Each structure stands twice: as C-alpha cells, then as structure tokens.
Amino acid sequence: MKKVGKKIQETAVAVRGKIQRRQKPTLSFPLRSLSNVKYRPAKGFLELKGKKKTRTLTVATVKTFAQTLRMMSQAKTLVEDDEIMTKREAYYVSKNWDEARFDEQPESDTVIDDIESLFEVNREQLGFIPEEKGGEVAGKLIVVDRDSQTGKKLQIDCTKFGSGAYSIPSCVEHLKFQTQAKFVLAIETAGMFQRLVKHGYWRKANCILISMGGVPTRACRRFIRRLADELKLPVYAFVDCDPYGMFNIYRTLKVGSGNAAHINQYFCAPNAKFLGVTPQDIIDYKLPTHPLKEVDIKRAKDALKNDPFVQHFKPWQDAIKQLLEMGVRAEQQAFAVHDLNYVINHYLPEKLRAAKKFLP
Amino acid sequence: MAKSVRTRAKSKSGSGVKKSGESASKARGKNALKAGKKKKAVRKSAKSASKARGTALKAGNKKEAVKKSAKKSKAKRAKKKKTDKKSRGGPKKVKSKARPAVKDAVEEVFEQEERRGETAETMAGRQRDISVAEFFIKNRHLLGFDNPRKALLTTIKEGVDNALDACEEGGILPEVRVVIAPAKEENRFVVTIEDNGPGILKREIPKIFAKLLYGSKFHRLKMSRGQQGIGISAAGMYGQLTTGKPIAITSRTSSRQPAHHYKLEIDAKKNEPRIIADEIVEWKSAHGTMVEIELEAKYQKGRQSVEAYLEQTAIANPHVSLEFATPDGEKKIYKRASKQMPKETKEIKPHPYGVELGVLIKMLHDTSARTLQSFLHSDFSRVSMRVAKEICDKAKLYERSRPTRIARQEADNLHKAINHTKIMNPPTDCLSPIGEEEILAGLKKQIKADFYSAVTRPPSVYRGNPFQIEAAIAYGGEIASDGLAQVLRYANRVPLLYQQAACAVSKSVISTGWRSYALQQSAGAYPTGPLVIMVHMASVWVPFTSESKEAIAHYPEIVKEVKLALQECGRRVAIFVRRRRKAAESERKKAFIQKYIPHIAIALREILELPERQEKTMVTQLTDVLERSRS
C-alpha cells in the first residue's frame, strides 16, 4: 500500500517539475481498449501492448487534468489512512471541488480507471472499492476469513448455507481456501445457480458452484483465479449460447477485459474452459431458440474481427461462424423444455464426461 | 403609365411640353374616333386594341402585356404628338411598343368584329373619349394607390422623390420636411411635403400638379428618381377623389420673387387643371416648394410604412436632411451625414442594343436626320459613322436612303443587323452611384452596427442600358440577431418597399452562398443573423417588373452584378465575423483555464504537502504556461 502512495507522489513531483520549468505537464496512461491488448497464450490472459495515451495539459484537457490530480490526491489520502471508498462515494466527495466537481458518476469512474491504469494497480489498492458484490458460492469449499473486530480466524463452510450461498467479498486477497472438490462450475444466471443448489448438484458432482450474475466482477474473477491457482482446480463456465455469454462473460472470465488490461494479470482465470451452451448443443439437445438480435450479430462479427482472444483460437472462430449461420441463440434455462431437471440429470453429466472437448 | 413630374423653372422643355400636353388629348380623341365603331364601351375597345397589339408584337407574355399596353397606349399617343411638336427627335423611351404596327392591328381586329350582332352605328353611338384622369380613377391600383395605407406611402414617396430630384438638379443640398397631420374627419390625413429646391415658375404650377402625364423626365434617358414616377398629380387626384379637397401648392423661385399659392383640382374629363385659388402669400423660405394634399389614408408603422421609406431614403441619400412629423405628434429628424452632392448625371441617347423593333420604327419615322447612316450615328450612342455603315450593309440597305422611307420589313432587317454588329458599350458617365463612402455614412447614421462594408461595382450593361450596382452590409450592434437579414433595395436612390419576392435583388441575396461567409442561411432564404443588406441599382432605365416600380426584373446581367457585389461584401463581413468569433473563443478559453488551474495547484499541494504560498506560485506559473500556448 505504501508503494502506491509513493507512486502518486512521484507523479505529482514530475508534474510540478514541469510546471516549474514552465513546460506543459503531462500524464501518460496505457490506452484502455481492445486494440491495445494482445493474447499471450503462455500467460493465458490479455496483456497490454504498451500503447500509451499522453494527456498534456492544454485548454481542452485542463478540466480532466485537474480532476485526475484531485482524484489522485484523494487516493493518496485513502491509502495513507487505510480507508476505503466506493466509486459512488468518490463521486460525492468531488462535489466539494467547486468547478472541478463531476456532474455524473461515469465521469468520475473514468478518472478512477485512468488513475489505476496510470499506476498499474487495481483500484482496491488505491482504496476505491466497487459498488457491486462479487458473486455467490455454494459447494464443497471452506473459506478462511478473519473477524473484522477480533481478527480471529473464521472458517466458512460453503456447504452450510442451505438454500442460500456465500457472498464473495469485494476484496479476496486475504482469504484462504480448503476443499475436496474436483472442479469449479461458474454459472451465468442466478436462476440456474439456484436450481443446482436446490438439488444439491455440488454434492452429486463434487464441485464448487459459483454464480457470476452476468459479467463476473473483478472480485469474482480474482476469487475463481485463486481457487484455480491455489487448489489446482479446473474451471468450467456454463453460460447462455449467445455472443454476450461467450465474449462478454466467458472471455472476461478467462483472459480479462480490454478496458482494465493492466490488471488482467490477476483478474482472470486462464485455465477456464467453456462447458456450454455451445451452438452444437442447440442441435444436439434440440433446444428452443430465439433469433439473433442485431446487437448480437454485431458483437459476434466484432469479436471475429477485433478480439485477440478469438483470433487466437480457431475453435472459437468456427463456433461463432456456426452460430451466425444458424442465426439463433439459446439460454441455459432452455433445457427446461425437456424436463426441469434435465440439465442436472442429463446435460451436465454428459458434457462433463467429455471435458476435453470443451471449447478453450 | 406615363410620367407626370414636376417641371421645374429650370426645365427647358417648358412651353413645348405645355402645348404638347394639350394636343395629346386631342390626338387621343382622333385615335379614338378612328377606331370608333366598335361594340361596347370605349374602354373595352381600348383593351382589345391593346390585345391586338400584344399579338402583333408577338409579346411573349400576352396576358400581362394587355394591362401594360392598355396603359401605355395613352402614354404613347401623348408622347408621339409631343415629340412631333418638339421636332427634336431626341432620345425616346425604350420600353414603348411599335406604333404603326399597332394602328394596323387595331383596325384589322375591328373589321373582323364588325360582323357580330350590333351595327356599326349603334356601337359608334356609345364611343366616347376617355381621359387619362378617368382612366386613373378606375385603375388606381396600377399606380400604387391600392389601399389607404399604400396610398399614403405613394403620395409621400412621389412628393419626396420629386423634391429630391428638383433640389439635385438645382444644385441645392436638399432639406425636406414631411408632415402627416390627422384631418378633421376620420381616416383622413393632410400630407405636407416641403423642400428648399429651386421652386416652380408660376405658370407651370397648375399643369405640373393638376394634369396627369405632364413632365420633364419621361422623354429623356437620364438617371433620376422620377423617371418612371407616377406623378404628384396622381396623388393630388387621389386626394381629390377620396376627400373632394383640392391640392395646395406654395412655391417660390427666389427671394426677389413673391411666393405663389395655388389650390388646384383636376378636371377629370379634360385632364386639365381647374384653379380654385391663386394668390400671393408671405413665405419664410427664399426658394422651395410646398405641397399639401388631403387624402383618405391609413397611418401605420412597420416594414412598408412611411417611416421605413424615409429612413431608407436617409440611408441611400446621406446628403439629404429629412424631417418627419407623424400624426401622433412625434417628430423624427434624419440628419444630413454628408455635404457631398451626388454627381450630376448626363443624359444619354439610347444604345442600339436596347432598342426594340417598334421603337426603332418610331425613331426612323420621327428623326430629323436625312440619311439612314446619319440617323444611326446621331440618334444612338456609340454608333460611329463607320459602325452605322456596317449596320446598313448588314441589313442590305442603302446608307443614304431616307430614314422616314424605311418600310417595316427593312426596319426588321435593320433591327437584326444592329444585334449582329459589334457596338461599343454605352457610356457610363450617365450614372451617379452613391459611392462607398457615402453609403457607409448613410448606414452609420441610421443603423447602429459593429461592422459596415460597402462596395460599388464598375458599371455594366444590360440590353444596351448602362447600370451600376452597389451593395453594403451592416453587421452586429443593435441589429436584431434573431431572424432573417433585413434587405434594403434601392433603384436610383429610391427605396423599394413592396414586392420583395419578385425582385432580382432578393433572388440574388438568396442565391448567394452566405454560409461561406461565416453566416447562417437556410436553403432558399435570406441569411440569418444581425445583418442589414443594402443593394442599390443605378441606371438610366431601371427595369421594373411592373408599373408601380416595386421590383427589379431578373436580367442575368443584373443578378450577376448584384451577386458579385454581395460576395465582395460577404468576404469582408466573413473576416470580421471570424475574427470576432476567434476573440470570443479565446476569451472563453481564458475563463476556462482560470477556472480549473487552481484545482491542479490544490491537488499538487495536497499530494506533496506544500505550503499555501507554493500553491499560488503554481497557479501563476501554470496560467503563464497555458496563456502562452493558447494562440
């Protein structure tokens, strides 16, 4: 934590130095977009290519420049005081800054993202925490946490939440794990997660169930990553068969995002595999479908063209082409057409038997 | 309609015109009798006659031609006789139509019609002479007296235009006073127009003010306001028609002469003045003329009001001092902004290119020249003896033949030959543009703007008529910035207030691409913004689209010149507008910088835990850095 404070100070000194030399101060950030990342198969995640965006202080940038510096000052205070602040709170704090205040939260979020990429840390290290919680866990896992009052060790058994589940906290670095499970199943929707929990699927398959609730949060990704690394567990993703499920949810889980590529190193699970639903499953299991929406088609084509992850894996290109050809999408709940528990009794066991055939 | 304009004491045509005026009505009688055996009233036959004329002349737009020529026919008759008497054969109006052709055509048509219903005798019984005055009573809308509001404006316009023409011809800096006072009865006003001009000889007063189609300006090709004016006598007549009150004139030619006061009526049948009062009065001015007309009218403010007319007159005539008293007792003074009198204009002969066949035939008939060659040389401008010979050769005519003997077919050839011969452009010293400086003086006097620009184009020619275009733009200041630009149109220094849409000037303003000059403009509309656009056309013959002198016709040469002038103004305005926008932008940026720089300093002080003093130093340094890089 002290390290971050020092980085902030160094940057401020550089800026001041330029000003004293009557030069225009600059700040340079890694460019945060898919065009500035490449897929490193060896490392297994999207890595920054090193394109930088330099923000020079000019008339046009003076407002953002001032806001960035003030937010850096705020981060330094948080780090020094060991305090945390949600992005929303940061937005409200800025209301004290007169003209430099943010009008809308997205503006302040962008500045926070800029700062974390500037120092190549994750925002939690700067003291900014996300609003949303990380996801839910059920199954054969014991999480070791500490009581925030007494500091005593807490053993949390994820099999003992009944019909409920354990919530992944926003910061997972201090957690420790114990498990006998064979694999981790990351599920897109809370609905499917509940069905599997209700019928004790984790007991039957000897696994850990995690509900991602859409695109997995950083905490969720980090949690899964640590399970994978420290417990040597395979990770299988079970999402809808549509471009959103494949490239926004699964891709982010496996290799990270283009927007926060500087932290992908920690916030992804490179060994994740795609269990389903695949386009082929739609055919094999005769799933009811919906036609692909315009945005779906656009997203799929964009992935083919620009996504370094897709470009690296031929099977994914084939899958997308197949999906586009079929022109349809299917949700993971679609198995209900055969029987409510068809997915537990047939689909998952059948798929898991051929785990090697999962899409990368 | 022919013009009746005040002939001033100076006017040479004095007595000649007087006689011709009398004979004009006689001649008309004769013509009417000749034609007189037709069905229905004379007025109708006059119309059909003109229709026939229209056909004979192959006039493109027949229906419109009918109205015009119906009016013109009388003018022409009067004119023809006049010129005969004058035996000068001087320059003639270009616009008139072929006379002899007309006569033939009229008779032909009448003969055909004779076989219907009535007998020649019964019809002949109804034929009557019509005087111009009677014609006017029925057709007052043609002369700008359509409604009470316009009548008031036309009356004042005629009076003021004549006053200014008279002053300028007399070399006197004009001082004109206009008073509109409510009369005893409702909807009636007494209009008084007083000038300090050279005055009018006593014997001329009755005819000038109480006889239609009497004047000095119609028969010459010279740039003046009243060249196509309707005549103050028409205004007097309108007053007489609507209120029964005579027109009152007071005039004095010098301090050694007494001031004469007349009260006059027009005898509508005879088109002759009837003198109600004739006396010598005390008058404060040494020279000048005052006209008082009581008429039915409506006083209104706004775009086409008397006030707008006077204000626009003041802009285009900065040498004029105008005083205006409204019926509400308000007094407006338009001060003189320049002591520079307009350059005196020269009278010119018609240029061959602008002469129509009919006019050519008439000129051949009327000329005093003995040979065709000398006729071409002496009666036209820019025709040397050599060019005259060339024209004759091309027409396969003998250059020594007598002009009066040239038959119609030969005249036709002659007309074609003229248009196939290269003839130098007409002289342009007959034009008196207002001048860039004077326009600016006029604009600055009446319009508070931030930027002014005026352009006087070199003279140009359309159909043998020399003309010159001037344009000016006033931008910003107190001009309303919402809505379309205001366009002020002038012809020979006279503001044009009506028929904006039909005017070549409006068309040119619309078709100029104002967006390239940093101004806004929607398709097919005037530009928007705080803008006053002024366009002046000076010419010996301004081609109006109608008799009431309200819109300039769309000659391509004219549209082109107007656009060129506007573009030049536009370029200058654009420089100003862009410069101003840039300044505003840099002002805005400066404010922007000052707003956010302190925050950079605050943040740095907080992070680096610096003392307050350092924060201030950084603000100064940063401001310096950004200010320097701003431009």
# chains A, B, ... in the order shown; residues from 1 in each chain; ligands from 1
>>> interface_residues(of="chain A", to="chain B", cutoff="9 Å", atoms="only C-alpha atoms", output="VMD selection string")
chain A and resid 8 to 9 12 to 13 15 to 16 19 to 24 57 to 60 62 to 63 65 to 74 76 to 77 97 99 to 100
>>> write_last_selection(atoms="N, CA and C atoms", output="mmCIF file, in the first residue's frame")
data_model
loop_
_atom_site.group_PDB
_atom_site.id
_atom_site.type_symbol
_atom_site.label_atom_id
_atom_site.label_comp_id
_atom_site.auth_asym_id
_atom_site.auth_seq_id
_atom_site.Cartn_x
_atom_site.Cartn_y
_atom_site.Cartn_z
ATOM 1 N N ILE A 8 2.151 7.812 -6.439
ATOM 2 C CA ILE A 8 1.353 9.033 -6.613
ATOM 3 C C ILE A 8 2.246 10.246 -6.389
ATOM 4 N N GLN A 9 3.026 10.181 -5.345
ATOM 5 C CA GLN A 9 3.897 11.309 -5.030
ATOM 6 C C GLN A 9 4.894 11.580 -6.160
ATOM 7 N N ALA A 12 3.253 13.341 -8.981
ATOM 8 C CA ALA A 12 2.992 14.739 -8.643
ATOM 9 C C ALA A 12 4.269 15.560 -8.740
ATOM 10 N N VAL A 13 5.370 14.973 -8.279
ATOM 11 C CA VAL A 13 6.650 15.690 -8.346
ATOM 12 C C VAL A 13 7.007 15.979 -9.804
ATOM 13 N N VAL A 15 4.993 16.274 -12.338
ATOM 14 C CA VAL A 15 4.108 17.313 -12.872
ATOM 15 C C VAL A 15 4.575 18.689 -12.392
ATOM 16 N N ARG A 16 4.882 18.761 -11.122
ATOM 17 C CA ARG A 16 5.290 20.050 -10.576
ATOM 18 C C ARG A 16 6.596 20.513 -11.204
ATOM 19 N N ILE A 19 5.970 22.125 -14.424
ATOM 20 C CA ILE A 19 5.373 23.448 -14.248
ATOM 21 C C ILE A 19 6.455 24.454 -13.879
ATOM 22 N N GLN A 20 7.355 24.038 -12.987
ATOM 23 C CA GLN A 20 8.392 24.966 -12.557
ATOM 24 C C GLN A 20 9.344 25.309 -13.687
ATOM 25 N N ARG A 21 9.456 24.364 -14.634
ATOM 26 C CA ARG A 21 10.312 24.657 -15.785
ATOM 27 C C ARG A 21 9.515 25.349 -16.888
ATOM 28 N N ARG A 22 8.322 25.758 -16.546
ATOM 29 C CA ARG A 22 7.420 26.439 -17.499
ATOM 30 C C ARG A 22 7.143 25.574 -18.714
ATOM 31 N N GLN A 23 6.981 24.287 -18.467
ATOM 32 C CA GLN A 23 6.583 23.403 -19.558
ATOM 33 C C GLN A 23 5.189 22.884 -19.260
ATOM 34 N N LYS A 24 4.560 22.377 -20.311
ATOM 35 C CA LYS A 24 3.225 21.826 -20.100
ATOM 36 C C LYS A 24 3.343 20.471 -19.429
ATOM 37 N N LEU A 57 -1.367 18.925 -20.595
ATOM 38 C CA LEU A 57 -2.244 19.982 -20.084
ATOM 39 C C LEU A 57 -2.401 21.051 -21.147
ATOM 40 N N THR A 58 -3.619 21.148 -21.690
ATOM 41 C CA THR A 58 -3.933 22.219 -22.637
ATOM 42 C C THR A 58 -5.272 22.770 -22.221
ATOM 43 N N VAL A 59 -5.740 23.737 -23.021
ATOM 44 C CA VAL A 59 -7.032 24.318 -22.695
ATOM 45 C C VAL A 59 -8.114 23.244 -22.721
ATOM 46 N N ALA A 60 -7.994 22.345 -23.682
ATOM 47 C CA ALA A 60 -9.036 21.342 -23.841
ATOM 48 C C ALA A 60 -9.015 20.306 -22.724
ATOM 49 N N VAL A 62 -7.677 20.769 -19.596
ATOM 50 C CA VAL A 62 -7.400 21.308 -18.262
ATOM 51 C C VAL A 62 -8.386 20.804 -17.211
ATOM 52 N N LYS A 63 -9.629 20.616 -17.597
ATOM 53 C CA LYS A 63 -10.619 20.176 -16.623
ATOM 54 C C LYS A 63 -10.336 18.736 -16.150
ATOM 55 N N PHE A 65 -7.632 17.131 -16.435
ATOM 56 C CA PHE A 65 -6.316 17.114 -15.810
ATOM 57 C C PHE A 65 -6.436 17.477 -14.324
ATOM 58 N N ALA A 66 -7.179 18.533 -14.074
ATOM 59 C CA ALA A 66 -7.377 18.978 -12.690
ATOM 60 C C ALA A 66 -8.099 17.888 -11.896
ATOM 61 N N GLN A 67 -9.128 17.291 -12.533
ATOM 62 C CA GLN A 67 -9.910 16.259 -11.841
ATOM 63 C C GLN A 67 -9.058 15.034 -11.535
ATOM 64 N N THR A 68 -8.188 14.665 -12.498
ATOM 65 C CA THR A 68 -7.342 13.495 -12.293
ATOM 66 C C THR A 68 -6.402 13.724 -11.104
ATOM 67 N N LEU A 69 -5.809 14.910 -11.086
ATOM 68 C CA LEU A 69 -4.882 15.200 -9.990
ATOM 69 C C LEU A 69 -5.597 15.228 -8.642
ATOM 70 N N ARG A 70 -6.781 15.795 -8.625
ATOM 71 C CA ARG A 70 -7.511 15.857 -7.357
ATOM 72 C C ARG A 70 -7.918 14.451 -6.905
ATOM 73 N N MET A 71 -8.250 13.599 -7.880
ATOM 74 C CA MET A 71 -8.629 12.241 -7.530
ATOM 75 C C MET A 71 -7.402 11.474 -7.031
ATOM 76 N N MET A 72 -6.247 11.790 -7.601
ATOM 77 C CA MET A 72 -5.011 11.166 -7.132
ATOM 78 C C MET A 72 -4.733 11.575 -5.689
ATOM 79 N N SER A 73 -4.964 12.828 -5.412
ATOM 80 C CA SER A 73 -4.763 13.317 -4.054
ATOM 81 C C SER A 73 -5.691 12.581 -3.094
ATOM 82 N N GLN A 74 -6.920 12.360 -3.579
ATOM 83 C CA GLN A 74 -7.910 11.633 -2.780
ATOM 84 C C GLN A 74 -7.439 10.200 -2.516
ATOM 85 N N LYS A 76 -4.425 9.092 -2.506
ATOM 86 C CA LYS A 76 -3.276 9.092 -1.592
ATOM 87 C C LYS A 76 -3.756 9.144 -0.138
ATOM 88 N N THR A 77 -4.752 9.998 0.111
ATOM 89 C CA THR A 77 -5.312 10.103 1.464
ATOM 90 C C THR A 77 -5.892 8.760 1.907
ATOM 91 N N TRP A 97 -15.376 20.021 -4.802
ATOM 92 C CA TRP A 97 -14.296 20.619 -5.595
ATOM 93 C C TRP A 97 -14.739 21.800 -6.463
ATOM 94 N N GLU A 99 -15.746 24.040 -9.182
ATOM 95 C CA GLU A 99 -15.884 23.866 -10.631
ATOM 96 C C GLU A 99 -15.360 22.525 -11.092
ATOM 97 N N ALA A 100 -14.446 21.936 -10.345
ATOM 98 C CA ALA A 100 -13.832 20.689 -10.798
ATOM 99 C C ALA A 100 -14.683 19.472 -10.446
#
>>> residues_around(residues="Ser321 in chain B", least_positions_apart="3", cutoff="7 Å", atoms="only C-alpha atoms", output="PDB file with C-alpha atoms, in the first residue's frame")
ATOM      1  CA  PRO B 174     -31.971  69.055 -50.075  1.00  0.00           C
ATOM      2  CA  GLU B 175     -33.852  69.816 -46.901  1.00  0.00           C
ATOM      3  CA  VAL B 176     -37.203  68.101 -46.964  1.00  0.00           C
ATOM      4  CA  TYR B 334     -32.892  62.303 -40.204  1.00  0.00           C
ATOM      5  CA  LYS B 335     -29.787  64.450 -40.156  1.00  0.00           C
ATOM      6  CA  ARG B 336     -27.566  65.111 -43.091  1.00  0.00           C
TER       7      ARG B 336
END
>>> atom_distance(atom1="CA of Val281 in chain B", atom2="CA of Leu164 in chain B")
24.0 Å
>>> atom_distance(atom1="CA of Pro169 in chain A", atom2="CA of Asn264 in chain A")
18.8 Å
>>> select_by_dssp(residues="range 165-337 of chain B", states="strand (DSSP E)", output="count of residues only")
59
